[in-house]
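Beneath this line is the structure, given in C-alpha cells, with notes to follow.
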Amino acid sequence: MDLLSATLPTPIQQLSNKMTEEAGVKLYIKRDDLIHPTVSGNKWRKLKYNLLEAKSQEYARILTFGGAFSNHLYAVAAAGSVLGFETIGIVRGEEVGDKPSLTLQFCQDQGMKLHFISREVYRQKDSHEFLQELALQFENPFIIPEGGTSEFALRGVAEMVPEVMKQLGEMPDYFAVAAGTGGTAAGLLSDGANVLAFSALKRGEFLKDDINALLKHHTRIGTLELITNYHFGGYAKWNQQLIDFMNDFKRDFDIQLEQVYTAKMFFGLFDLIQKGHFKKGKTIVAVHTGGLQGLLTP
Ligand SMILES: *Cc1c(COP(=O)(O)O)cnc(C)c1O
C-alpha cells in the first residue's frame, strides 16, 4: 500500500536449536514486527484495506474501539496522523485515576480523541443502534470494529500467505499465531493456510465460533487448531516463567517478543514441539505479530 509505506515482504528467518533438531521440524519466524515503525505487525495488515476504503470513500475521520492497552488503538492513531484522518478512540472502561496508560498517552499525542465508556456500554460495540448513535455523535466517521477485525482485515492478512509461499518456495504445513479477536488467524485460514491459533485470553474457546463466523463467506479454508491453555492467567497477565522465556528467546535468537501475545504463542509452540505434537519434517511459520510498544508496560 503506498498510503502507508511499509517494509514488504517482511523478512522470514529460520529458528533452529537443539529442540527443533530433535523434533525434526523446520521452524521459521515471519518478522511482521518489522513491517512499520508505528503501525506494527498484524495491525498494519488488518488496517490496510480499511484505510484504503476510508480514503477512497473520502471519510474525514475514523472511529474505532479498544482497551487502555490496545495495540489496535495505537496503530489507528498512528495511521491517522500519517494519513491525515481525524481519529476517535472509544475506550473500554472509565478512565482509572488521572494517569492514562502509555498507549492512550501515545494515541492522544497523535491527535486521537478518546471517549471513555463503561464496560457495560462497551459490550454494545457491535450493535447496529449503538453504531448509529456514534455515527451521529461523531459526524459520520468510518467505523472500524474492535481489533480492526473485519472482512477488510481478513483480506489484508491473507496477503501474508502468498508472501510466505514465495519466500519458502512452498506452503508451510502450519502458521502459528497469537489470537485476541481471531481476525489474524481467520485471515490466514481464508487463504487456505493451516493455522495453530494460541489464545492470549482466558477461556479462549469462544474464538472458534468467532473465527468460523468471520469465515462464513469463504471457501478454500485451511484447518484451525485452537490452543487455549497458554494464556498465563488471562489477557495482559503474565508470570516470571513467561518473562524468563522471553529473555531466553532474546538471548538465543536476538529477537524481542512481548508478554501479551507473542511470548505466550512462542512459549506454547515450543512446548508443543517438545511434546512431539508435530511429525518430523513438518514446516511451521510462526508470525511475529509485533506489538512491541506494549513491552512490559500494560
Ligand atoms: C492485536 C494483536 C494480536 C491479536 O490479533 P487478533 O487478530 O485480534 O487475533 C496478536 N499479536 C499482537 C502483537 C497484537 O497486537
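Residues are referred to by chain and number: the chain letter is A, B, ... according to the order shown in the C-alpha cells, the number counts from 1 in that chain, and ligands are numbered separately from 1 in the order shown.
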Mind running range 122-231 of chain A against range 113-117 of chain A at 12 Å and telling me each contacting residue's nearest atom pair with the distance in Å (one decimal), counting only C-alpha atoms, chain and number ascending, as a Markdown table?
```
| residue | atom | partner | partner_atom | distance |
| --- | --- | --- | --- | --- |
| A:Tyr122 | CA | A:Ile117 | CA | 6.2 |
| A:Arg123 | CA | A:Ile117 | CA | 9.9 |
| A:Gln124 | CA | A:Ile117 | CA | 10.6 |
| A:Lys125 | CA | A:Ile117 | CA | 10.4 |
| A:Leu134 | CA | A:His115 | CA | 10.6 |
| A:Gln137 | CA | A:His115 | CA | 11.2 |
| A:Phe138 | CA | A:Lys113 | CA | 10.4 |
```
**Asked** Counting only C-alpha atoms and all ligand atoms, what residues are within 7 Å of ligand 1, given as a PyMOL selection string?
**Response** chain A and resi 41-43+71-72+147+149+178-185+261-262+289-291
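As for CA of Leu196 in chain A and CA of Leu47 in chain A, they are spaced 22.4 Å apart.
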**Request:** Can you pull out every residue within 12 Å of Met160 in chain A, counting only C-alpha atoms, but drop anything in the same chain fewer than 5 positions away, and send it as a PyMOL selection string?
**Result:** chain A and resi 8-12+30-32+35+41-42+44-46+153-155+165-167+171-172+175+184-185+187-193+285-287+289
Same residues, N, CA, C and O atoms, output as a short mmCIF file (atom, residue, chain, number, x, y, z; two decimals), in the first residue's frame:
```cif
data_model
loop_
_atom_site.label_atom_id
_atom_site.label_comp_id
_atom_site.auth_asym_id
_atom_site.auth_seq_id
_atom_site.Cartn_x
_atom_site.Cartn_y
_atom_site.Cartn_z
N LEU A 8 7.94 -4.48 2.86
CA LEU A 8 7.31 -5.70 2.36
C LEU A 8 8.14 -6.32 1.25
O LEU A 8 8.66 -5.58 0.42
N PRO A 9 8.28 -7.61 1.14
CA PRO A 9 7.81 -8.56 2.14
C PRO A 9 8.60 -8.41 3.44
O PRO A 9 9.77 -8.04 3.41
N THR A 10 7.97 -8.72 4.56
CA THR A 10 8.71 -8.72 5.81
C THR A 10 9.65 -9.93 5.80
O THR A 10 9.34 -10.96 5.18
N PRO A 11 10.82 -9.80 6.45
CA PRO A 11 11.78 -10.90 6.42
C PRO A 11 11.23 -12.18 7.06
O PRO A 11 10.35 -12.12 7.91
N ILE A 12 11.77 -13.31 6.59
CA ILE A 12 11.46 -14.58 7.24
C ILE A 12 12.80 -15.19 7.64
O ILE A 12 13.77 -15.10 6.89
N LYS A 30 8.15 -15.19 10.94
CA LYS A 30 7.80 -14.18 9.95
C LYS A 30 7.81 -12.84 10.66
O LYS A 30 7.00 -12.61 11.58
N ARG A 31 8.72 -11.97 10.26
CA ARG A 31 9.02 -10.77 11.05
C ARG A 31 8.08 -9.60 10.74
O ARG A 31 8.53 -8.52 10.33
N ASP A 32 6.79 -9.79 10.99
CA ASP A 32 5.86 -8.69 10.78
C ASP A 32 6.05 -7.57 11.81
O ASP A 32 5.48 -6.49 11.65
N ILE A 35 7.35 -4.52 10.02
CA ILE A 35 6.58 -4.02 8.87
C ILE A 35 6.52 -2.49 8.82
O ILE A 35 6.56 -1.89 7.75
N GLY A 41 3.03 -4.83 12.84
CA GLY A 41 2.63 -6.23 12.79
C GLY A 41 1.30 -6.49 12.12
O GLY A 41 0.99 -5.95 11.06
N ASN A 42 0.51 -7.33 12.77
CA ASN A 42 -0.77 -7.71 12.17
C ASN A 42 -1.72 -6.52 12.07
O ASN A 42 -2.63 -6.53 11.26
N TRP A 44 -1.03 -3.54 10.96
CA TRP A 44 -0.82 -2.94 9.64
C TRP A 44 -1.60 -3.72 8.59
O TRP A 44 -2.33 -3.16 7.79
N ARG A 45 -1.46 -5.05 8.64
CA ARG A 45 -2.14 -5.87 7.63
C ARG A 45 -3.66 -5.75 7.77
O ARG A 45 -4.38 -5.73 6.78
N LYS A 46 -4.14 -5.69 9.01
CA LYS A 46 -5.58 -5.62 9.22
C LYS A 46 -6.14 -4.25 8.84
O LYS A 46 -7.31 -4.14 8.48
N ALA A 153 -10.02 -6.67 7.03
CA ALA A 153 -8.84 -7.14 7.76
C ALA A 153 -8.40 -8.51 7.25
O ALA A 153 -7.21 -8.77 7.06
N LEU A 154 -9.37 -9.38 7.03
CA LEU A 154 -9.05 -10.72 6.55
C LEU A 154 -8.30 -10.64 5.21
O LEU A 154 -7.32 -11.35 4.99
N ARG A 155 -8.78 -9.73 4.35
CA ARG A 155 -8.15 -9.58 3.05
C ARG A 155 -6.69 -9.14 3.17
O ARG A 155 -5.83 -9.63 2.43
N MET A 165 4.75 -18.13 0.88
CA MET A 165 4.99 -19.21 -0.09
C MET A 165 6.10 -18.85 -1.07
O MET A 165 6.92 -19.68 -1.44
N LYS A 166 6.13 -17.59 -1.44
CA LYS A 166 7.18 -17.12 -2.35
C LYS A 166 8.54 -17.18 -1.66
O LYS A 166 9.54 -17.56 -2.26
N GLN A 167 8.56 -16.82 -0.37
CA GLN A 167 9.83 -16.80 0.36
C GLN A 167 10.36 -18.20 0.62
O GLN A 167 11.55 -18.43 0.58
N MET A 171 4.16 -24.07 0.48
CA MET A 171 3.21 -23.72 1.52
C MET A 171 3.66 -24.41 2.81
O MET A 171 3.85 -25.63 2.83
N PRO A 172 3.85 -23.66 3.91
CA PRO A 172 4.22 -24.34 5.16
C PRO A 172 3.06 -25.23 5.64
O PRO A 172 1.91 -25.01 5.28
N PHE A 175 0.83 -22.33 10.04
CA PHE A 175 1.15 -20.99 10.54
C PHE A 175 0.79 -21.01 12.02
O PHE A 175 -0.25 -21.55 12.39
N THR A 184 -6.66 -12.29 12.78
CA THR A 184 -5.43 -12.65 12.07
C THR A 184 -5.46 -14.13 11.68
O THR A 184 -5.15 -14.49 10.55
N ALA A 185 -5.85 -14.96 12.64
CA ALA A 185 -5.98 -16.40 12.34
C ALA A 185 -6.97 -16.60 11.19
O ALA A 185 -6.69 -17.35 10.25
N GLY A 187 -7.81 -14.56 8.80
CA GLY A 187 -7.25 -14.08 7.54
C GLY A 187 -6.34 -15.12 6.89
O GLY A 187 -6.41 -15.36 5.68
N LEU A 188 -5.51 -15.77 7.70
CA LEU A 188 -4.61 -16.80 7.17
C LEU A 188 -5.42 -18.01 6.70
O LEU A 188 -5.18 -18.56 5.62
N LEU A 189 -6.40 -18.41 7.52
CA LEU A 189 -7.26 -19.55 7.15
C LEU A 189 -8.01 -19.29 5.85
O LEU A 189 -8.22 -20.20 5.05
N SER A 190 -8.37 -18.02 5.63
CA SER A 190 -9.19 -17.68 4.46
C SER A 190 -8.44 -17.90 3.16
O SER A 190 -9.04 -17.96 2.10
N ASP A 191 -7.11 -17.98 3.24
CA ASP A 191 -6.35 -18.25 2.02
C ASP A 191 -5.80 -19.68 2.02
O ASP A 191 -4.80 -19.99 1.37
N GLY A 192 -6.43 -20.55 2.77
CA GLY A 192 -6.10 -21.97 2.69
C GLY A 192 -4.98 -22.43 3.60
O GLY A 192 -4.60 -23.61 3.57
N ALA A 193 -4.45 -21.54 4.45
CA ALA A 193 -3.37 -21.96 5.35
C ALA A 193 -3.93 -22.74 6.54
O ALA A 193 -5.05 -22.48 6.99
N VAL A 285 5.53 -21.85 10.29
CA VAL A 285 5.86 -20.43 10.23
C VAL A 285 5.13 -19.74 11.38
O VAL A 285 3.90 -19.68 11.40
N ALA A 286 5.91 -19.28 12.36
CA ALA A 286 5.32 -18.55 13.50
C ALA A 286 5.38 -17.06 13.17
O ALA A 286 6.43 -16.55 12.79
N VAL A 287 4.24 -16.40 13.33
CA VAL A 287 4.18 -14.99 12.94
C VAL A 287 4.49 -14.09 14.14
O VAL A 287 3.82 -14.19 15.18
N THR A 289 3.72 -10.97 15.40
CA THR A 289 2.67 -10.00 15.08
C THR A 289 2.97 -8.61 15.62
O THR A 289 2.09 -7.73 15.58
#
```
**Request:** Using backbone DSSP assignments, extract all alpha helix (DSSP H) residues from range 122-210 of chain A; output them as a PyMOL selection string.
**Result:** chain A and resi 122+128-137+151-158+160-168+183-189+207-210
Okay, now the selection with N, CA and C atoms, as a short mmCIF file (atom, residue, chain, number, x, y, z; two decimals), in the first residue's frame?
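Just written: part-v5.cif:
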```
data_model
loop_
_atom_site.label_atom_id
_atom_site.label_comp_id
_atom_site.auth_asym_id
_atom_site.auth_seq_id
_atom_site.Cartn_x
_atom_site.Cartn_y
_atom_site.Cartn_z
N TYR A 122 -19.80 -0.66 26.57
CA TYR A 122 -18.85 -1.12 25.55
C TYR A 122 -19.31 -2.43 24.91
N HIS A 128 -26.12 -2.45 15.99
CA HIS A 128 -26.43 -1.51 14.91
C HIS A 128 -26.85 -0.15 15.46
N GLU A 129 -27.75 -0.16 16.47
CA GLU A 129 -28.25 1.12 17.00
C GLU A 129 -27.13 1.93 17.65
N PHE A 130 -26.29 1.23 18.41
CA PHE A 130 -25.19 1.91 19.09
C PHE A 130 -24.24 2.54 18.07
N LEU A 131 -23.96 1.82 17.01
CA LEU A 131 -23.06 2.35 15.98
C LEU A 131 -23.69 3.55 15.28
N GLN A 132 -25.00 3.51 15.12
CA GLN A 132 -25.69 4.66 14.51
C GLN A 132 -25.61 5.89 15.40
N GLU A 133 -25.79 5.66 16.72
CA GLU A 133 -25.65 6.77 17.68
C GLU A 133 -24.26 7.39 17.58
N LEU A 134 -23.25 6.51 17.56
CA LEU A 134 -21.87 7.01 17.50
C LEU A 134 -21.62 7.76 16.19
N ALA A 135 -22.19 7.25 15.10
CA ALA A 135 -22.01 7.89 13.80
C ALA A 135 -22.57 9.31 13.82
N LEU A 136 -23.70 9.47 14.50
CA LEU A 136 -24.34 10.78 14.61
C LEU A 136 -23.50 11.70 15.50
N GLN A 137 -23.13 11.16 16.66
CA GLN A 137 -22.39 11.94 17.65
C GLN A 137 -21.04 12.41 17.10
N GLU A 151 -14.03 -7.88 7.40
CA GLU A 151 -13.74 -8.52 6.12
C GLU A 151 -12.51 -7.88 5.47
N PHE A 152 -12.37 -6.55 5.62
CA PHE A 152 -11.19 -5.86 5.07
C PHE A 152 -9.91 -6.39 5.73
N ALA A 153 -10.02 -6.67 7.03
CA ALA A 153 -8.84 -7.14 7.76
C ALA A 153 -8.40 -8.51 7.25
N LEU A 154 -9.37 -9.38 7.03
CA LEU A 154 -9.05 -10.72 6.55
C LEU A 154 -8.30 -10.64 5.21
N ARG A 155 -8.78 -9.73 4.35
CA ARG A 155 -8.15 -9.58 3.05
C ARG A 155 -6.69 -9.14 3.17
N GLY A 156 -6.44 -8.24 4.09
CA GLY A 156 -5.06 -7.76 4.28
C GLY A 156 -4.17 -8.85 4.84
N VAL A 157 -4.66 -9.57 5.84
CA VAL A 157 -3.86 -10.62 6.47
C VAL A 157 -3.60 -11.76 5.47
N ALA A 158 -4.61 -12.07 4.65
CA ALA A 158 -4.48 -13.17 3.69
C ALA A 158 -3.28 -12.97 2.76
N MET A 160 -0.43 -12.35 3.46
CA MET A 160 0.79 -12.93 4.01
C MET A 160 1.05 -14.34 3.48
N VAL A 161 -0.02 -15.03 3.08
CA VAL A 161 0.14 -16.44 2.68
C VAL A 161 0.96 -16.57 1.38
N PRO A 162 0.56 -15.91 0.29
CA PRO A 162 1.42 -15.98 -0.91
C PRO A 162 2.81 -15.37 -0.68
N GLU A 163 2.87 -14.38 0.20
CA GLU A 163 4.17 -13.76 0.51
C GLU A 163 5.12 -14.80 1.10
N VAL A 164 4.61 -15.59 2.03
CA VAL A 164 5.42 -16.64 2.67
C VAL A 164 5.74 -17.76 1.68
N MET A 165 4.75 -18.13 0.88
CA MET A 165 4.99 -19.21 -0.09
C MET A 165 6.10 -18.85 -1.07
N LYS A 166 6.13 -17.59 -1.44
CA LYS A 166 7.18 -17.12 -2.35
C LYS A 166 8.54 -17.18 -1.66
N GLN A 167 8.56 -16.82 -0.37
CA GLN A 167 9.83 -16.80 0.36
C GLN A 167 10.36 -18.20 0.62
N LEU A 168 9.45 -19.15 0.89
CA LEU A 168 9.89 -20.51 1.24
C LEU A 168 9.90 -21.44 0.02
N GLY A 183 -9.01 -12.43 14.32
CA GLY A 183 -9.03 -11.89 12.96
C GLY A 183 -7.80 -12.28 12.14
N THR A 184 -6.66 -12.29 12.78
CA THR A 184 -5.43 -12.65 12.07
C THR A 184 -5.46 -14.13 11.68
N ALA A 185 -5.85 -14.96 12.64
CA ALA A 185 -5.98 -16.40 12.34
C ALA A 185 -6.97 -16.60 11.19
N ALA A 186 -8.10 -15.90 11.23
CA ALA A 186 -9.13 -16.05 10.18
C ALA A 186 -8.58 -15.63 8.83
N GLY A 187 -7.81 -14.56 8.80
CA GLY A 187 -7.25 -14.08 7.54
C GLY A 187 -6.34 -15.12 6.89
N LEU A 188 -5.51 -15.77 7.70
CA LEU A 188 -4.61 -16.80 7.17
C LEU A 188 -5.42 -18.01 6.70
N LEU A 189 -6.40 -18.41 7.52
CA LEU A 189 -7.26 -19.55 7.15
C LEU A 189 -8.01 -19.29 5.85
N LEU A 207 -13.25 -18.35 20.70
CA LEU A 207 -12.61 -17.87 19.47
C LEU A 207 -12.95 -18.74 18.27
N LYS A 208 -13.20 -20.01 18.54
CA LYS A 208 -13.50 -20.92 17.44
C LYS A 208 -14.76 -20.47 16.68
N ASP A 209 -15.82 -20.14 17.44
CA ASP A 209 -17.05 -19.66 16.80
C ASP A 209 -16.83 -18.32 16.12
N ASP A 210 -16.08 -17.45 16.79
CA ASP A 210 -15.83 -16.12 16.21
C ASP A 210 -15.07 -16.26 14.88
#
```
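Around His277 in chain A, within 12 Å and counting only C-alpha atoms, the residues found are Thr20, Ala23, Gly24, Val25, Leu196, Glu225, Gly268, Leu269, Phe270, Asp271 and Ile284 of chain A, once anything fewer than 6 positions away on its own chain is removed.
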Export of prior selection with all heavy atoms as an mmCIF file, in the first residue's frame:
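The resulting again_31.cif:
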```cif
data_model
loop_
_atom_site.group_PDB
_atom_site.id
_atom_site.type_symbol
_atom_site.label_atom_id
_atom_site.label_comp_id
_atom_site.auth_asym_id
_atom_site.auth_seq_id
_atom_site.Cartn_x
_atom_site.Cartn_y
_atom_site.Cartn_z
ATOM 1 N N THR A 20 14.419 -27.917 17.956
ATOM 2 C CA THR A 20 13.871 -28.117 16.601
ATOM 3 C C THR A 20 14.580 -29.281 15.914
ATOM 4 O O THR A 20 13.958 -30.036 15.171
ATOM 5 C CB THR A 20 13.990 -26.844 15.729
ATOM 6 O OG1 THR A 20 15.365 -26.460 15.650
ATOM 7 C CG2 THR A 20 13.162 -25.703 16.280
ATOM 8 N N ALA A 23 13.234 -32.558 17.309
ATOM 9 C CA ALA A 23 11.859 -32.808 16.855
ATOM 10 C C ALA A 23 11.790 -32.997 15.342
ATOM 11 O O ALA A 23 10.765 -33.454 14.823
ATOM 12 C CB ALA A 23 10.955 -31.661 17.287
ATOM 13 N N GLY A 24 12.857 -32.601 14.646
ATOM 14 C CA GLY A 24 12.879 -32.743 13.184
ATOM 15 C C GLY A 24 11.917 -31.814 12.465
ATOM 16 O O GLY A 24 11.443 -32.109 11.372
ATOM 17 N N VAL A 25 11.611 -30.651 13.095
ATOM 18 C CA VAL A 25 10.734 -29.689 12.430
ATOM 19 C C VAL A 25 11.540 -28.485 11.937
ATOM 20 O O VAL A 25 12.601 -28.178 12.476
ATOM 21 C CB VAL A 25 9.592 -29.184 13.362
ATOM 22 C CG1 VAL A 25 8.687 -30.323 13.782
ATOM 23 C CG2 VAL A 25 10.160 -28.451 14.573
ATOM 24 N N LEU A 196 -2.390 -22.745 13.655
ATOM 25 C CA LEU A 196 -2.424 -23.005 15.094
ATOM 26 C C LEU A 196 -2.616 -21.649 15.738
ATOM 27 O O LEU A 196 -1.739 -20.786 15.630
ATOM 28 C CB LEU A 196 -1.076 -23.537 15.577
ATOM 29 C CG LEU A 196 -0.599 -24.889 15.114
ATOM 30 C CD1 LEU A 196 0.893 -25.000 15.387
ATOM 31 C CD2 LEU A 196 -1.334 -25.980 15.864
ATOM 32 N N GLU A 225 -6.461 -25.177 14.390
ATOM 33 C CA GLU A 225 -6.263 -25.834 15.679
ATOM 34 C C GLU A 225 -6.157 -24.707 16.698
ATOM 35 O O GLU A 225 -5.218 -23.910 16.656
ATOM 36 C CB GLU A 225 -4.963 -26.651 15.626
ATOM 37 C CG GLU A 225 -4.888 -27.726 16.670
ATOM 38 C CD GLU A 225 -3.601 -28.543 16.534
ATOM 39 O OE1 GLU A 225 -3.100 -28.718 15.406
ATOM 40 O OE2 GLU A 225 -3.086 -28.966 17.570
ATOM 41 N N GLY A 268 3.985 -21.519 24.041
ATOM 42 C CA GLY A 268 3.103 -22.651 23.747
ATOM 43 C C GLY A 268 3.623 -23.488 22.599
ATOM 44 O O GLY A 268 3.620 -24.728 22.656
ATOM 45 N N LEU A 269 4.102 -22.823 21.556
ATOM 46 C CA LEU A 269 4.604 -23.539 20.387
ATOM 47 C C LEU A 269 5.825 -24.388 20.749
ATOM 48 O O LEU A 269 5.921 -25.563 20.364
ATOM 49 C CB LEU A 269 4.948 -22.528 19.285
ATOM 50 C CG LEU A 269 5.456 -23.105 17.969
ATOM 51 C CD1 LEU A 269 4.425 -24.021 17.323
ATOM 52 C CD2 LEU A 269 5.840 -21.974 17.005
ATOM 53 N N PHE A 270 6.757 -23.815 21.515
ATOM 54 C CA PHE A 270 7.950 -24.569 21.919
ATOM 55 C C PHE A 270 7.538 -25.773 22.769
ATOM 56 O O PHE A 270 8.090 -26.865 22.633
ATOM 57 C CB PHE A 270 8.926 -23.672 22.701
ATOM 58 C CG PHE A 270 9.803 -22.812 21.827
ATOM 59 C CD1 PHE A 270 9.410 -22.455 20.540
ATOM 60 C CD2 PHE A 270 11.041 -22.351 22.284
ATOM 61 C CE1 PHE A 270 10.215 -21.655 19.727
ATOM 62 C CE2 PHE A 270 11.861 -21.571 21.471
ATOM 63 C CZ PHE A 270 11.449 -21.217 20.200
ATOM 64 N N ASP A 271 6.566 -25.561 23.649
ATOM 65 C CA ASP A 271 6.100 -26.653 24.499
ATOM 66 C C ASP A 271 5.512 -27.783 23.640
ATOM 67 O O ASP A 271 5.814 -28.966 23.862
ATOM 68 C CB ASP A 271 5.063 -26.113 25.492
ATOM 69 C CG ASP A 271 4.850 -27.052 26.669
ATOM 70 O OD1 ASP A 271 5.857 -27.591 27.171
ATOM 71 O OD2 ASP A 271 3.687 -27.257 27.075
ATOM 72 N N ILE A 284 6.820 -25.087 10.060
ATOM 73 C CA ILE A 284 5.944 -24.183 10.814
ATOM 74 C C ILE A 284 6.433 -22.750 10.630
ATOM 75 O O ILE A 284 7.623 -22.475 10.814
ATOM 76 C CB ILE A 284 5.988 -24.508 12.328
ATOM 77 C CG1 ILE A 284 5.705 -25.999 12.588
ATOM 78 C CG2 ILE A 284 5.010 -23.624 13.112
ATOM 79 C CD1 ILE A 284 6.195 -26.476 13.958
#
```
**Message:** Which residue is closest to Asp248 in chain A? Choose from A:Tyr235, A:Ala68, A:Phe266, A:His288 and count only C-alpha atoms.
**Reply:**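 That would be A:Phe266, the residue with the smallest distance to Asp248 in chain A.
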**Residue among A:Ile144, A:Leu296, A:Leu215, A:Ile273 lying closest to Trp238 in chain A, counting only C-alpha atoms** =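 Of A:Ile144, A:Leu296, A:Leu215, A:Ile273, the one nearest Trp238 in chain A is A:Leu296, counting only C-alpha atoms.
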